[in-house]
file input_15.tsv (TSV, C-alpha atoms)
chain	number	residue	atom	x	y	z
A	1	MET	CA	-161.53	106.39	13.31
A	2	LYS	CA	-164.44	107.87	11.36
A	3	ASN	CA	-166.93	106.07	9.17
A	4	LEU	CA	-167.74	107.42	5.71
A	5	ILE	CA	-170.97	107.31	3.70
A	6	ILE	CA	-170.56	107.84	-0.05
A	7	GLY	CA	-173.89	108.83	-1.56
A	8	ASN	CA	-175.50	111.51	0.60
A	9	THR	CA	-178.74	111.60	-1.41
A	10	SER	CA	-179.41	107.87	-1.12
A	11	GLN	CA	-182.26	106.69	1.06
A	12	LEU	CA	-179.84	104.86	3.34
A	13	SER	CA	-177.64	107.87	4.08
A	14	HIS	CA	-180.38	109.59	6.08
A	15	TYR	CA	-180.51	106.80	8.66
A	16	PHE	CA	-176.83	106.40	9.56
A	17	PRO	CA	-175.65	108.02	12.81
A	18	ASP	CA	-175.05	111.78	12.67
A	19	ASP	CA	-171.34	111.41	13.42
A	20	TYR	CA	-170.76	109.43	10.21
A	21	GLU	CA	-169.21	111.61	7.51
A	22	LYS	CA	-171.48	111.85	4.45
A	23	ILE	CA	-170.36	112.99	1.01
A	24	SER	CA	-171.75	113.12	-2.51
A	25	SER	CA	-170.66	110.42	-4.92
A	26	ARG	CA	-170.47	113.04	-7.66
A	27	ASN	CA	-167.79	115.18	-6.04
A	28	ILE	CA	-165.36	112.94	-4.19
A	29	ASN	CA	-162.09	114.33	-2.91
A	30	PHE	CA	-159.77	111.33	-3.19
A	31	THR	CA	-157.58	112.21	-0.22
A	32	ASN	CA	-155.62	109.82	1.95
A	33	GLN	CA	-157.96	110.15	4.93
A	34	ASN	CA	-158.19	106.96	6.99
A	35	TYR	CA	-161.59	105.48	7.90
A	36	ASP	CA	-162.82	102.49	9.83
A	37	ARG	CA	-165.63	101.66	7.42
A	38	VAL	CA	-166.70	103.13	4.08
A	39	TYR	CA	-170.31	102.51	3.01
A	40	ILE	CA	-170.92	102.86	-0.74
A	41	CYS	CA	-174.60	103.79	-0.92
A	42	PHE	CA	-175.03	105.65	-4.19
A	43	GLY	CA	-176.89	104.31	-7.24
A	44	GLU	CA	-179.86	102.65	-5.51
A	45	GLN	CA	-182.28	105.31	-6.76
A	46	ARG	CA	-181.45	104.56	-10.40
A	47	THR	CA	-182.99	101.09	-10.37
A	48	TYR	CA	-186.10	101.99	-12.34
A	49	ILE	CA	-184.11	103.17	-15.41
A	50	GLN	CA	-184.73	100.24	-17.73
A	51	ASN	CA	-183.35	101.15	-21.14
A	52	ASN	CA	-179.85	102.55	-20.68
A	53	ARG	CA	-177.45	99.75	-19.87
A	54	ASN	CA	-174.45	102.08	-19.95
A	55	ILE	CA	-175.77	104.07	-16.97
A	56	PHE	CA	-175.63	100.96	-14.83
A	57	LEU	CA	-172.27	99.75	-16.15
A	58	GLU	CA	-170.62	103.14	-15.72
A	59	THR	CA	-172.06	103.79	-12.25
A	60	ASN	CA	-172.38	100.39	-10.61
A	61	ILE	CA	-169.17	98.94	-12.06
A	62	ASP	CA	-166.61	101.38	-13.49
A	63	TYR	CA	-167.08	104.26	-11.06
A	64	THR	CA	-167.67	101.99	-8.08
A	65	LEU	CA	-164.42	100.12	-8.78
A	66	LYS	CA	-162.56	103.43	-8.99
A	67	ILE	CA	-163.84	104.35	-5.53
A	68	ILE	CA	-163.06	100.90	-4.12
A	69	ASP	CA	-159.54	100.96	-5.57
A	70	HIS	CA	-158.81	104.17	-3.69
A	71	PHE	CA	-160.59	103.72	-0.36
A	72	SER	CA	-159.62	100.08	0.15
A	73	LYS	CA	-156.12	101.39	0.90
A	74	PHE	CA	-157.34	103.75	3.60
A	75	CYS	CA	-160.03	101.85	5.53
A	76	ASN	CA	-160.51	98.63	7.45
A	77	GLN	CA	-163.65	97.59	5.56
A	78	ILE	CA	-165.83	98.67	2.67
A	79	ILE	CA	-169.56	97.90	2.67
A	80	ILE	CA	-171.18	97.68	-0.76
A	81	TYR	CA	-174.77	96.87	-1.66
A	82	GLY	CA	-175.84	94.21	-4.12
A	83	THR	CA	-179.52	93.29	-4.32
A	84	SER	CA	-181.78	90.42	-3.33
A	85	GLU	CA	-183.07	90.59	-6.93
A	86	LEU	CA	-180.08	88.42	-7.86
A	87	TRP	CA	-182.22	85.52	-6.61
A	88	ASN	CA	-185.61	86.70	-7.90
A	89	ASN	CA	-186.18	83.64	-10.09
A	90	TYR	CA	-186.42	81.27	-7.13
A	91	ASN	CA	-189.68	80.29	-5.45
A	92	GLY	CA	-189.62	80.32	-1.67
A	93	PRO	CA	-186.83	81.30	0.73
A	94	ILE	CA	-183.40	82.32	-0.55
A	95	ASP	CA	-179.98	82.05	1.04
A	96	ILE	CA	-176.63	83.75	0.39
A	97	SER	CA	-175.11	80.37	-0.52
A	98	MET	CA	-177.52	79.82	-3.42
A	99	PRO	CA	-176.29	80.52	-6.99
A	100	PHE	CA	-177.64	83.69	-8.60
A	101	ASN	CA	-180.83	83.00	-10.54
A	102	TYR	CA	-182.74	86.02	-11.81
A	103	LYS	CA	-184.89	87.51	-14.52
A	104	GLN	CA	-182.49	89.61	-16.57
A	105	SER	CA	-182.36	93.40	-16.23
A	106	ASN	CA	-179.61	95.96	-16.78
A	107	TYR	CA	-179.61	96.90	-13.10
A	108	ILE	CA	-179.29	93.32	-11.82
A	109	ASP	CA	-176.67	92.47	-14.45
A	110	SER	CA	-174.54	95.36	-13.22
A	111	LYS	CA	-174.78	94.11	-9.63
A	112	LYS	CA	-173.74	90.61	-10.66
A	113	LEU	CA	-170.75	91.92	-12.61
A	114	ILE	CA	-169.47	94.20	-9.83
A	115	ILE	CA	-169.71	91.36	-7.31
A	116	GLU	CA	-167.69	89.06	-9.58
A	117	LYS	CA	-164.99	91.72	-9.98
A	118	ILE	CA	-164.85	92.38	-6.24
A	119	LYS	CA	-164.50	88.68	-5.43
A	120	GLU	CA	-161.56	88.41	-7.84
A	121	LYS	CA	-159.50	91.22	-6.29
A	122	TYR	CA	-160.51	92.38	-2.80
A	123	GLU	CA	-160.70	90.86	0.66
A	124	ASN	CA	-161.81	93.70	2.96
A	125	ILE	CA	-165.26	94.15	1.39
A	126	ILE	CA	-168.63	93.04	2.75
A	127	ILE	CA	-171.44	92.72	0.19
A	128	LEU	CA	-174.99	93.15	1.49
A	129	HIS	CA	-178.10	92.25	-0.50
A	130	PRO	CA	-181.20	94.08	0.79
A	131	PHE	CA	-184.75	93.42	-0.29
A	132	ASN	CA	-186.74	96.36	-1.62
A	133	PHE	CA	-186.80	99.33	0.76
A	134	ASN	CA	-188.77	102.58	0.63
A	135	SER	CA	-188.99	105.83	2.56
A	136	ILE	CA	-189.93	109.48	2.17
A	137	TYR	CA	-186.51	109.95	0.52
A	138	ARG	CA	-187.47	107.88	-2.53
A	139	LYS	CA	-186.94	109.92	-5.69
A	140	GLU	CA	-189.56	110.60	-8.36
A	141	GLY	CA	-190.32	107.63	-10.59
A	142	PHE	CA	-190.95	104.99	-7.92
A	143	LEU	CA	-194.30	103.56	-6.84
A	144	PHE	CA	-194.15	104.70	-3.24
A	145	THR	CA	-193.09	108.22	-4.21
A	146	LYS	CA	-196.40	108.47	-6.05
A	147	ILE	CA	-198.29	107.04	-3.08
A	148	PHE	CA	-196.67	109.43	-0.58
A	149	ASP	CA	-197.24	112.42	-2.88
A	150	SER	CA	-200.90	111.43	-3.31
A	151	ILE	CA	-201.50	111.17	0.43
A	152	ILE	CA	-199.60	114.32	1.41
A	153	ASN	CA	-201.06	116.51	-1.34
A	154	ASN	CA	-204.51	114.91	-1.79
A	155	LYS	CA	-203.60	114.07	-5.36
A	156	LYS	CA	-205.27	111.51	-7.62
A	157	ILE	CA	-202.85	109.04	-9.22
A	158	THR	CA	-202.77	106.05	-11.54
A	159	ILE	CA	-200.72	102.97	-10.65
A	160	GLY	CA	-200.15	99.57	-12.21
A	161	ASN	CA	-200.73	96.13	-10.73
A	162	THR	CA	-199.96	95.94	-7.01
A	163	TYR	CA	-201.79	92.67	-6.32
A	164	PHE	CA	-198.72	90.66	-5.36
A	165	TYR	CA	-196.54	89.81	-2.35
A	166	ARG	CA	-193.15	91.38	-1.66
A	167	GLU	CA	-190.67	91.94	1.11
A	168	LEU	CA	-191.06	95.60	2.12
A	169	LEU	CA	-188.32	97.13	4.24
A	170	HIS	CA	-187.56	100.54	5.69
A	171	PRO	CA	-184.02	101.82	5.04
A	172	LYS	CA	-183.51	102.35	8.79
A	173	PHE	CA	-183.66	98.56	9.21
A	174	VAL	CA	-181.19	98.08	6.34
A	175	VAL	CA	-178.79	100.58	7.95
A	176	GLU	CA	-179.03	98.88	11.36
A	177	GLU	CA	-178.22	95.53	9.77
A	178	SER	CA	-175.39	97.11	7.76
A	179	ILE	CA	-173.69	98.50	10.86
A	180	LYS	CA	-173.86	95.06	12.55
A	181	ALA	CA	-172.71	93.13	9.46
A	182	THR	CA	-169.50	91.12	9.70
A	183	GLU	CA	-169.90	89.06	6.50
A	184	ASP	CA	-171.85	88.96	3.24
A	185	LYS	CA	-175.57	88.47	3.78
A	186	ILE	CA	-179.08	89.07	2.49
A	187	ILE	CA	-181.01	91.71	4.45
A	188	GLY	CA	-184.70	90.96	4.77
A	189	SER	CA	-187.51	90.76	7.28
A	190	GLY	CA	-188.44	87.18	6.42
A	191	ARG	CA	-192.03	88.33	5.93
A	192	LEU	CA	-194.04	88.87	2.75
A	193	THR	CA	-196.54	91.73	2.50
A	194	PHE	CA	-199.44	91.94	0.05
A	195	VAL	CA	-198.56	95.27	-1.58
A	196	ASN	CA	-202.08	96.45	-2.44
A	197	ASP	CA	-203.25	95.86	1.11
A	198	PHE	CA	-200.27	97.79	2.42
A	199	ILE	CA	-201.03	100.76	0.14
A	200	ARG	CA	-204.69	100.73	1.14
A	201	SER	CA	-203.68	100.77	4.80
A	202	LEU	CA	-201.60	103.91	4.20
A	203	TYR	CA	-204.62	105.75	2.83
A	204	SER	CA	-206.82	104.40	5.60
A	205	HIS	CA	-204.35	105.60	8.23
A	206	PHE	CA	-204.92	109.16	7.00
A	207	ASN	CA	-208.69	108.71	6.76
A	208	MET	CA	-208.56	108.69	2.97
A	209	LYS	CA	-210.42	106.27	0.73
A	210	TYR	CA	-208.16	104.35	-1.69
A	211	GLU	CA	-210.79	104.32	-4.45
A	212	ASP	CA	-211.12	108.13	-4.34
A	213	PHE	CA	-207.45	108.70	-5.07
A	214	VAL	CA	-206.07	105.67	-6.93
A	215	SER	CA	-206.87	104.41	-10.42
A	216	GLU	CA	-205.44	101.07	-11.50
A	217	ASP	CA	-204.15	100.58	-15.05
A	218	TYR	CA	-202.68	97.14	-15.69
A	219	ASN	CA	-201.42	98.21	-19.12
call {"tool": "encode", "arguments": {"input": "input_15.tsv", "output": "structure tokens"}}
result
Amino acid sequence: MKNLIIGNTSQLSHYFPDDYEKISSRNINFTNQNYDRVYICFGEQRTYIQNNRNIFLETNIDYTLKIIDHFSKFCNQIIIYGTSELWNNYNGPIDISMPFNYKQSNYIDSKKLIIEKIKEKYENIIILHPFNFNSIYRKEGFLFTKIFDSIINNKKITIGNTYFYRELLHPKFVVEESIKATEDKIIGSGRLTFVNDFIRSLYSHFNMKYEDFVSEDYN
């Protein structure tokens, strides 16, 4: 049986095997095709939209539930993505068994609500919670899109504060862990990276001087 990726413009979709069927989330043909696994990948590039709660509720809850309602009848398992940000108010390591504890945002709220609804109704769904991941497929509006554009096109940019530690993942790693997943889990490397150092190393790799291309504006 085939595997299906819903969300062919997501970062993750580019790193699944070529024989996985990939479709747009905006133009789904709700046929009765049977699949082994369905991976719901769309929506992850909307995370930086801060002020429109309805976008997150309509996409991450209402529309996602519509898709789950249909495909759960025609596949063995559905894989859906939450976010590690559901635990972002803890200090130190986090574990899937820990209660959600986060600084409120529309995006994270929508993830919490969809998970609660899934737990109430469905059994054949695995929920994965990746840490932040970035690639060349990041859309405009994200930090690393600006960094990549600056390096590729020798462009000067202004960024905010990057003097902090974060988990930084590549979507290929998230996809590999997704394919192996047999139960709900958090996907992370277990390693923190100092973000400013990481950005400086990118410029250095291409023999570019960070200070020549990047201005920092903490406001």
call {"tool": "closest_residue", "arguments": {"input": "input_15.tsv", "among": "A:Ile118, A:Lys156, A:Leu143, A:Ser72", "to": "A:Met208", "atoms": "only C-alpha atoms"}}
result
A:Lys156
call {"tool": "residues_around", "arguments": {"input": "input_15.tsv", "residues": "A:Asn132", "least_positions_apart": "4", "cutoff": "8 Å", "atoms": "all atoms listed in the file", "output": "list in words"}}
result
Ser84, Glu167, Leu168 and Leu169 of chain A
call {"tool": "closest_residue", "arguments": {"input": "input_15.tsv", "among": "A:Phe148, A:Leu4, A:Asp197, A:Glu21", "to": "A:Asn134", "atoms": "all atoms listed in the file"}}
result
A:Phe148
call {"tool": "atom_distance", "arguments": {"input": "input_15.tsv", "atom1": "atom CA of A:Asp19", "atom2": "atom CA of A:Glu177"}}
result
17.7 Å
call {"tool": "atom_distance", "arguments": {"input": "input_15.tsv", "atom1": "atom CA of A:His170", "atom2": "atom CA of A:Phe133"}}
result
5.1 Å
call {"tool": "closest_residue", "arguments": {"input": "input_15.tsv", "among": "A:Lys139, A:Asn161, A:Gln104, A:Tyr122", "to": "A:Leu65", "atoms": "only C-alpha atoms"}}
result
A:Tyr122
call {"tool": "atom_distance", "arguments": {"input": "input_15.tsv", "atom1": "atom CA of A:Tyr163", "atom2": "atom CA of A:Asn88"}}
result
17.3 Å
call {"tool": "residues_around", "arguments": {"input": "input_15.tsv", "residues": "A:Thr145", "least_positions_apart": "2", "cutoff": "12 Å", "atoms": "only C-alpha atoms", "output": "number ranges by chain"}}
result
A: 45, 133-143, 147-153, 157, 159, 199
call {"tool": "residues_around", "arguments": {"input": "input_15.tsv", "residues": "A:Asp109", "least_positions_apart": "6", "cutoff": "9 Å", "atoms": "only C-alpha atoms", "output": "number ranges by chain"}}
result
A: 56-57, 86
call {"tool": "closest_residue", "arguments": {"input": "input_15.tsv", "among": "A:Asn52, A:Asn106, A:Asn219, A:Ser178", "to": "A:Arg37", "atoms": "all atoms listed in the file"}}
result
A:Ser178
call {"tool": "closest_residue", "arguments": {"input": "input_15.tsv", "among": "A:Ser25, A:Asn91, A:Thr59, A:Gln77", "to": "A:Lys111", "atoms": "only C-alpha atoms"}}
result
A:Thr59
call {"tool": "residues_around", "arguments": {"input": "input_15.tsv", "residues": "A:Gly82", "least_positions_apart": "2", "cutoff": "7 Å", "atoms": "all atoms listed in the file", "output": "ChimeraX atom specification"}}
result
/A:80,111,127-129
call {"tool": "residues_around", "arguments": {"input": "input_15.tsv", "residues": "A:Pro93", "least_positions_apart": "3", "cutoff": "12 Å", "atoms": "all atoms listed in the file", "output": "list in words"}}
result
Ser84, Trp87, Asn88, Asn89, Tyr90, Ile96, Ser97, Met98, Glu167, Ile186, Gly188, Ser189, Gly190, Arg191 and Leu192 of chain A
call {"tool": "axis_aligned_box", "arguments": {"input": "input_15.tsv", "around": "stretch 27-40 of chain A", "padding_each_side": "4 Å", "output": "AutoDock Vina command-line options"}}
result
--center_x -163.3 --center_y 108.4 --center_z 1.9 --size_x 23.3 --size_y 21.5 --size_z 23.9
call {"tool": "closest_residue", "arguments": {"input": "input_15.tsv", "among": "A:Ser204, A:Glu183, A:Ile78, A:Pro130", "to": "A:Leu12", "atoms": "only C-alpha atoms"}}
result
A:Pro130
